[in-house]
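Q: File follows, my_file_5.cif with mmCIF, C-alpha atoms, pLDDT in the B column; chains and numbers go by the auth columns:
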```cif
data_my_file
#
loop_
_atom_site.group_PDB
_atom_site.id
_atom_site.type_symbol
_atom_site.label_atom_id
_atom_site.label_comp_id
_atom_site.label_asym_id
_atom_site.label_seq_id
_atom_site.Cartn_x
_atom_site.Cartn_y
_atom_site.Cartn_z
_atom_site.B_iso_or_equiv
_atom_site.auth_seq_id
_atom_site.auth_asym_id
ATOM 1 C CA MET A 1 106.821 144.609 126.139 45.00 18 A
ATOM 2 C CA ALA A 2 105.658 146.770 123.227 47.00 19 A
ATOM 3 C CA ALA A 3 108.444 145.406 120.986 48.00 20 A
ATOM 4 C CA THR A 4 107.406 141.842 121.785 48.00 21 A
ATOM 5 C CA SER A 5 103.791 142.662 121.043 50.00 22 A
ATOM 6 C CA LYS A 6 104.691 144.287 117.721 51.00 23 A
ATOM 7 C CA SER A 7 106.871 141.367 116.587 49.00 24 A
ATOM 8 C CA GLY A 8 104.138 138.944 117.661 52.00 25 A
ATOM 9 C CA ASN A 9 101.600 140.925 115.626 54.00 26 A
ATOM 10 C CA ARG A 10 103.931 140.920 112.602 52.00 27 A
ATOM 11 C CA ALA A 11 104.339 137.150 112.861 51.00 28 A
ATOM 12 C CA LYS A 12 100.564 136.703 113.089 53.00 29 A
ATOM 13 C CA SER A 13 99.893 138.967 110.108 53.00 30 A
ATOM 14 C CA GLY A 14 102.628 137.156 108.137 54.00 31 A
ATOM 15 C CA LYS A 15 100.939 133.817 108.842 53.00 32 A
ATOM 16 C CA ARG A 16 97.555 135.355 107.976 54.00 33 A
ATOM 17 C CA ALA A 17 98.947 136.668 104.666 51.00 34 A
ATOM 18 C CA LYS A 18 100.332 133.215 103.842 53.00 35 A
ATOM 19 C CA ARG A 19 96.940 131.645 104.604 54.00 36 A
ATOM 20 C CA ILE A 20 95.148 134.221 102.440 53.00 37 A
ATOM 21 C CA SER A 21 97.649 133.755 99.621 56.00 38 A
ATOM 22 C CA SER A 22 97.382 129.991 99.968 61.00 39 A
ATOM 23 C CA SER A 23 93.578 130.046 100.037 67.00 40 A
ATOM 24 C CA SER A 24 93.337 132.318 96.987 69.00 41 A
ATOM 25 C CA HIS A 25 95.845 130.071 95.223 68.00 42 A
ATOM 26 C CA ASN A 26 93.761 127.005 96.150 73.00 43 A
ATOM 27 C CA ALA A 27 90.610 128.743 94.915 77.00 44 A
ATOM 28 C CA ALA A 28 92.266 129.446 91.556 74.00 45 A
ATOM 29 C CA LEU A 29 93.379 125.828 91.310 74.00 46 A
ATOM 30 C CA GLU A 30 89.885 124.611 92.131 79.00 47 A
ATOM 31 C CA ARG A 31 88.408 126.919 89.463 80.00 48 A
ATOM 32 C CA SER A 32 90.826 125.471 86.910 77.00 49 A
ATOM 33 C CA VAL A 33 89.902 121.923 87.873 78.00 50 A
ATOM 34 C CA GLU A 34 86.201 122.804 87.693 81.00 51 A
ATOM 35 C CA HIS A 35 86.706 124.331 84.242 79.00 52 A
ATOM 36 C CA MET A 36 88.455 121.137 83.138 77.00 53 A
ATOM 37 C CA ARG A 37 85.622 119.002 84.552 79.00 54 A
ATOM 38 C CA GLU A 38 82.987 121.066 82.727 81.00 55 A
ATOM 39 C CA SER A 39 84.919 120.823 79.464 77.00 56 A
ATOM 40 C CA LEU A 40 85.131 117.055 79.805 76.00 57 A
ATOM 41 C CA GLU A 41 81.424 116.786 80.639 78.00 58 A
ATOM 42 C CA ARG A 42 80.508 118.739 77.488 79.00 59 A
ATOM 43 C CA SER A 43 82.795 116.586 75.358 78.00 60 A
ATOM 44 C CA VAL A 44 81.797 113.550 73.354 78.00 61 A
ATOM 45 C CA THR A 45 84.464 111.087 72.318 79.00 62 A
ATOM 46 C CA LEU A 46 83.997 109.362 68.992 82.00 63 A
ATOM 47 C CA SER A 47 86.666 107.522 67.067 85.00 64 A
ATOM 48 C CA ARG A 48 87.537 108.599 63.545 87.00 65 A
ATOM 49 C CA ASP A 49 86.401 105.155 62.329 90.00 66 A
ATOM 50 C CA ARG A 50 82.954 105.551 63.942 90.00 67 A
ATOM 51 C CA ILE A 51 82.475 109.029 62.415 90.00 68 A
ATOM 52 C CA GLN A 52 83.568 107.720 59.024 92.00 69 A
ATOM 53 C CA GLU A 53 81.176 104.745 59.350 92.00 70 A
ATOM 54 C CA VAL A 54 78.168 106.995 60.116 92.00 71 A
ATOM 55 C CA VAL A 55 78.977 109.414 57.283 93.00 72 A
ATOM 56 C CA ASP A 56 79.567 106.560 54.782 93.00 73 A
ATOM 57 C CA ASP A 57 76.166 105.194 55.729 93.00 74 A
ATOM 58 C CA ALA A 58 74.612 108.618 55.019 93.00 75 A
ATOM 59 C CA VAL A 59 76.350 108.692 51.593 94.00 76 A
ATOM 60 C CA ARG A 60 75.082 105.149 50.758 94.00 77 A
ATOM 61 C CA ARG A 61 71.528 106.198 51.614 93.00 78 A
ATOM 62 C CA GLY A 62 71.882 109.235 49.386 93.00 79 A
ATOM 63 C CA ARG A 63 71.492 111.780 52.190 93.00 80 A
ATOM 64 C CA MET A 64 74.794 113.530 51.389 94.00 81 A
ATOM 65 C CA THR A 65 77.417 113.601 48.683 94.00 82 A
ATOM 66 C CA GLN A 66 80.821 111.976 49.033 94.00 83 A
ATOM 67 C CA SER A 67 82.613 115.356 48.906 94.00 84 A
ATOM 68 C CA ASP A 68 80.298 116.779 51.621 94.00 85 A
ATOM 69 C CA ALA A 69 80.956 113.682 53.731 92.00 86 A
ATOM 70 C CA GLU A 70 84.737 114.066 53.368 92.00 87 A
ATOM 71 C CA ARG A 71 84.556 117.740 54.343 94.00 88 A
ATOM 72 C CA LEU A 72 82.330 116.941 57.322 94.00 89 A
ATOM 73 C CA VAL A 73 84.651 114.184 58.598 91.00 90 A
ATOM 74 C CA SER A 74 87.702 116.399 58.097 91.00 91 A
ATOM 75 C CA ASP A 75 86.069 119.316 59.927 92.00 92 A
ATOM 76 C CA LEU A 76 84.882 117.160 62.830 91.00 93 A
ATOM 77 C CA ILE A 77 88.308 115.552 63.232 89.00 94 A
ATOM 78 C CA SER A 78 90.064 118.938 63.072 89.00 95 A
ATOM 79 C CA ARG A 79 87.785 120.400 65.736 89.00 96 A
ATOM 80 C CA GLY A 80 88.183 117.310 67.908 86.00 97 A
ATOM 81 C CA VAL A 81 91.980 117.531 67.708 87.00 98 A
ATOM 82 C CA LYS A 82 91.906 121.210 68.734 88.00 99 A
ATOM 83 C CA GLN A 83 89.640 120.457 71.683 85.00 100 A
ATOM 84 C CA ARG A 84 91.778 117.509 72.769 85.00 101 A
ATOM 85 C CA ASP A 85 94.963 119.581 72.556 85.00 102 A
ATOM 86 C CA SER A 86 93.365 122.368 74.576 85.00 103 A
ATOM 87 C CA LEU A 87 92.241 119.958 77.300 83.00 104 A
ATOM 88 C CA LEU A 88 95.651 118.249 77.413 82.00 105 A
ATOM 89 C CA THR A 89 97.423 121.601 77.712 85.00 106 A
ATOM 90 C CA GLU A 90 95.186 122.608 80.613 84.00 107 A
ATOM 91 C CA LEU A 91 95.665 119.225 82.289 83.00 108 A
ATOM 92 C CA GLU A 92 99.459 119.446 81.927 84.00 109 A
ATOM 93 C CA ARG A 93 99.399 122.939 83.439 84.00 110 A
ATOM 94 C CA LEU A 94 97.375 121.702 86.425 83.00 111 A
ATOM 95 C CA VAL A 95 99.686 118.723 86.961 83.00 112 A
ATOM 96 C CA THR A 96 102.782 120.943 86.773 84.00 113 A
ATOM 97 C CA GLN A 97 101.248 123.392 89.249 84.00 114 A
ATOM 98 C CA ALA A 98 100.335 120.588 91.664 82.00 115 A
ATOM 99 C CA ARG A 99 103.837 119.105 91.443 83.00 116 A
ATOM 100 C CA ARG A 100 105.380 122.512 92.124 85.00 117 A
ATOM 101 C CA GLU A 101 103.156 123.038 95.171 83.00 118 A
ATOM 102 C CA VAL A 102 103.979 119.592 96.566 82.00 119 A
ATOM 103 C CA GLY A 103 107.694 120.219 95.969 83.00 120 A
ATOM 104 C CA ASP A 104 107.545 123.615 97.670 84.00 121 A
ATOM 105 C CA ALA A 105 105.705 122.205 100.674 83.00 122 A
ATOM 106 C CA THR A 106 108.133 119.293 100.928 86.00 123 A
ATOM 107 C CA GLY A 107 111.135 121.617 100.702 83.00 124 A
ATOM 108 C CA ARG A 108 109.755 123.831 103.454 85.00 125 A
ATOM 109 C CA ALA A 109 109.113 120.814 105.681 85.00 126 A
ATOM 110 C CA VAL A 110 112.620 119.440 105.124 83.00 127 A
ATOM 111 C CA ARG A 111 114.213 122.824 105.869 81.00 128 A
ATOM 112 C CA ALA A 112 112.101 123.226 109.012 83.00 129 A
ATOM 113 C CA ALA A 113 113.052 119.741 110.223 82.00 130 A
ATOM 114 C CA ARG A 114 116.740 120.362 109.504 78.00 131 A
ATOM 115 C CA ASP A 115 116.655 123.719 111.287 77.00 132 A
ATOM 116 C CA ALA A 116 114.842 122.173 114.252 81.00 133 A
ATOM 117 C CA ALA A 117 117.531 119.483 114.516 77.00 134 A
ATOM 118 C CA ASP A 118 120.457 121.889 114.065 75.00 135 A
ATOM 119 C CA ARG A 119 119.656 124.018 117.102 77.00 136 A
ATOM 120 C CA PRO A 120 119.630 121.135 119.621 82.00 137 A
ATOM 121 C CA LEU A 121 122.815 119.700 118.092 76.00 138 A
ATOM 122 C CA ALA A 122 124.607 123.016 118.472 75.00 139 A
ATOM 123 C CA LYS A 123 123.319 123.337 122.038 78.00 140 A
ATOM 124 C CA ALA A 124 124.461 119.795 122.841 77.00 141 A
ATOM 125 C CA ASP A 125 127.939 120.630 121.517 73.00 142 A
ATOM 126 C CA ARG A 126 128.117 123.734 123.721 74.00 143 A
ATOM 127 C CA LEU A 127 127.031 121.751 126.775 77.00 144 A
ATOM 128 C CA ARG A 128 129.536 118.985 125.994 71.00 145 A
ATOM 129 C CA ARG A 129 132.341 121.534 125.705 66.00 146 A
ATOM 130 C CA ARG A 130 131.360 123.098 129.030 70.00 147 A
ATOM 131 C CA THR A 131 131.286 119.773 130.851 71.00 148 A
ATOM 132 C CA ASN A 132 134.410 118.364 129.188 64.00 149 A
ATOM 133 C CA PRO A 133 136.750 121.198 128.212 58.00 150 A
ATOM 134 C CA MET A 134 139.567 118.729 127.481 53.00 151 A
ATOM 135 C CA SER A 135 137.659 116.922 124.714 59.00 152 A
ATOM 136 C CA SER A 136 139.708 116.264 121.630 70.00 153 A
ATOM 137 C CA PHE A 137 137.585 118.163 119.105 80.00 154 A
ATOM 138 C CA PRO A 138 135.123 121.038 119.670 83.00 155 A
ATOM 139 C CA ILE A 139 132.260 119.619 117.539 85.00 156 A
ATOM 140 C CA ALA A 140 130.908 116.104 118.125 80.00 157 A
ATOM 141 C CA ARG A 141 130.667 113.797 115.077 82.00 158 A
ATOM 142 C CA TYR A 142 132.230 116.563 112.981 86.00 159 A
ATOM 143 C CA ASP A 143 133.146 114.365 110.019 84.00 160 A
ATOM 144 C CA GLU A 144 129.537 113.160 109.713 85.00 161 A
ATOM 145 C CA LEU A 145 128.077 116.684 109.487 89.00 162 A
ATOM 146 C CA ASN A 146 127.305 118.563 106.295 91.00 163 A
ATOM 147 C CA ALA A 147 128.597 122.112 105.830 91.00 164 A
ATOM 148 C CA THR A 148 125.344 123.731 107.015 90.00 165 A
ATOM 149 C CA LYS A 149 125.354 121.803 110.292 89.00 166 A
ATOM 150 C CA VAL A 150 129.045 122.557 110.842 91.00 167 A
ATOM 151 C CA ARG A 151 128.423 126.289 110.364 91.00 168 A
ATOM 152 C CA THR A 152 125.539 126.111 112.868 87.00 169 A
ATOM 153 C CA SER A 153 127.805 124.348 115.376 88.00 170 A
ATOM 154 C CA LEU A 154 130.407 127.146 115.241 90.00 171 A
ATOM 155 C CA THR A 155 128.296 129.317 117.531 85.00 172 A
ATOM 156 C CA GLY A 156 129.888 129.688 120.941 83.00 173 A
ATOM 157 C CA LEU A 157 133.314 128.285 120.027 87.00 174 A
ATOM 158 C CA THR A 158 136.378 130.013 121.412 86.00 175 A
ATOM 159 C CA PRO A 159 139.003 131.366 118.991 89.00 176 A
ATOM 160 C CA ALA A 160 141.254 128.396 119.815 86.00 177 A
ATOM 161 C CA GLU A 161 138.432 125.957 119.036 87.00 178 A
ATOM 162 C CA LEU A 162 137.619 127.826 115.810 91.00 179 A
ATOM 163 C CA ARG A 163 141.252 127.530 114.714 91.00 180 A
ATOM 164 C CA LYS A 164 141.163 123.813 115.522 90.00 181 A
ATOM 165 C CA VAL A 165 138.030 123.417 113.345 91.00 182 A
ATOM 166 C CA ARG A 166 139.586 125.464 110.534 94.00 183 A
ATOM 167 C CA ASP A 167 142.802 123.419 110.550 90.00 184 A
ATOM 168 C CA HIS A 168 140.893 120.142 110.633 90.00 185 A
ATOM 169 C CA GLU A 169 138.661 121.291 107.769 92.00 186 A
ATOM 170 C CA ARG A 170 141.624 122.373 105.636 92.00 187 A
ATOM 171 C CA ALA A 171 143.338 119.028 106.202 90.00 188 A
ATOM 172 C CA GLY A 172 140.177 117.058 105.496 89.00 189 A
ATOM 173 C CA SER A 173 137.158 118.011 103.405 89.00 190 A
ATOM 174 C CA ASN A 174 138.394 121.563 102.753 91.00 191 A
ATOM 175 C CA ARG A 175 134.855 122.933 102.313 93.00 192 A
ATOM 176 C CA LYS A 176 135.131 126.555 101.304 94.00 193 A
ATOM 177 C CA SER A 177 131.867 127.615 103.004 94.00 194 A
ATOM 178 C CA VAL A 178 132.976 126.141 106.334 93.00 195 A
ATOM 179 C CA ILE A 179 136.422 127.726 106.179 94.00 196 A
ATOM 180 C CA GLN A 180 134.915 131.111 105.291 94.00 197 A
ATOM 181 C CA ALA A 181 132.429 130.858 108.186 94.00 198 A
ATOM 182 C CA VAL A 182 135.274 130.088 110.623 94.00 199 A
ATOM 183 C CA GLU A 183 137.338 132.979 109.248 93.00 200 A
ATOM 184 C CA ARG A 184 134.407 135.362 109.723 93.00 201 A
ATOM 185 C CA LYS A 185 134.023 134.243 113.329 91.00 202 A
ATOM 186 C CA LEU A 186 137.748 134.727 113.946 90.00 203 A
ATOM 187 C CA ASP A 187 137.756 138.281 112.528 86.00 204 A
#
```
Step by step, read the file and then write its structure as structure tokens.

A:
Amino acid sequence: MAATSKSGNRAKSGKRAKRISSSSHNAALERSVEHMRESLERSVTLSRDRIQEVVDDAVRRGRMTQSDAERLVSDLISRGVKQRDSLLTELERLVTQARREVGDATGRAVRAARDAADRPLAKADRLRRRTNPMSSFPIARYDELNATKVRTSLTGLTPAELRKVRDHERAGSNRKSVIQAVERKLD
């Protein structure tokens, strides 16, 4: 009873740690998005042509010299390019991070679904073998299964059935991982 309680507590604390890690990760992502939003709100977008037009007007009115106007336009454009590049870099980082998180979550969901399906398939094979010991092959729909599902289905096979699987695999797909798994079970 104590061992069950301890393993249950470990599972709960593992889930809690994942939630904490996930929530701190989400908080960091939200801070980055907020920083990006603030930067965009402080920004003003003006085209180079519009800046040049305003400065040329100031030169025509005699409020600044042509060389001062050229320096001003050049400086404003240079600063604008730096700010744009900084914002684009931050945006690309956020997009990459979001894609990675979606990919990780999708991968975990696919693995969980595959694992959930593998166990009942292996159990169904064991039950089928018990009810029909004279069946022609120990694993149902063998040729349709990928290597991972075949290895899962090896559980509970007798040495004779394992040899039958090994021989069939060698004659057919000859998947090294399957053959090695059968050999390990036979040893």

Q: When you count only C-alpha atoms, which of these residues is closest to Ser190 (chain A): A:Glu178, A:Glu161, A:Asp66, A:Asp73?

A: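 The answer is A:Glu161, which sits nearest to Ser190 (chain A).
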
Q: Would you mind telling me which residue in A:Ala177, A:Leu111, A:Leu162, A:Ile94 lies nearest to Asn43 (chain A) when using only C-alpha atoms?

A: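 Residue with the minimum atom-to-atom distance to Asn43 (chain A): A:Leu111.
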
Q: Would you mind telling me which residue in A:Ser56, A:Asn191, A:Thr165, A:Thr82 lies nearest to Glu107 (chain A) when using only C-alpha atoms?

A: A:Ser56

Q: From the set A:Thr169, A:Thr113, A:Thr62, A:Ser194, which residue has the shortest atom-to-atom contact distance to Gln100 (chain A), counting only C-alpha atoms?

A: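 Comparing A:Thr169, A:Thr113, A:Thr62, A:Ser194 against Gln100 (chain A), the winner is A:Thr62.
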
Q: Quick one: apply the PyMOL selection byres ((chain A and resi 172) around 10) to the file and drop the selected residues here as number ranges by chain.

A: A: 139-140, 142-143, 167-171, 173-175, 179, 199, 202

Q: What lies within 10 Å of Leu89 (chain A) using all atoms listed in the file, ignoring chain neighbours under 4 positions off, as a compact mmCIF listing (two decimals) with C-alpha atoms, in the coordinates of the input?

A:
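Generated file (out.txt):
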```
# COMPACT_ATOMS: atom_id res chain seq x y z
CA ILE A 68 82.48 109.03 62.42
CA GLN A 69 83.57 107.72 59.02
CA VAL A 72 78.98 109.41 57.28
CA GLN A 83 80.82 111.98 49.03
CA SER A 84 82.61 115.36 48.91
CA ASP A 85 80.30 116.78 51.62
CA LEU A 93 84.88 117.16 62.83
CA ILE A 94 88.31 115.55 63.23
CA SER A 95 90.06 118.94 63.07
```

Q: Would you kindly return, as a ChimeraX atom specification, each protein, DNA or RNA residue with an atom no farther than 12 Å from any atom of Ser49 (chain A), considering all atoms listed in the file and excluding same-chain residues fewer than 5 positions away?

A: /A:42-44,54-56,104,106-112,114-115

Q: Calculate how many Å separate CA of Val98 (chain A) from CA of Arg65 (chain A), rounding to one decimal.

A: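 Spanning CA of Val98 (chain A) to CA of Arg65 (chain A) is a straight-line distance of 10.8 Å.
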
Q: Find the distance between CA of Met81 (chain A) and CA of Arg59 (chain A) and write it in Å to one decimal.

A: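 Between CA of Met81 (chain A) and CA of Arg59 (chain A) the gap is 27.2 Å.
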
Q: Please provide as a count of residues only all residues within 8 Å of region 181-185 of chain A, with the sequence filter that same-chain residues fewer than 4 positions apart are discarded (counting only C-alpha atoms).

A: 8
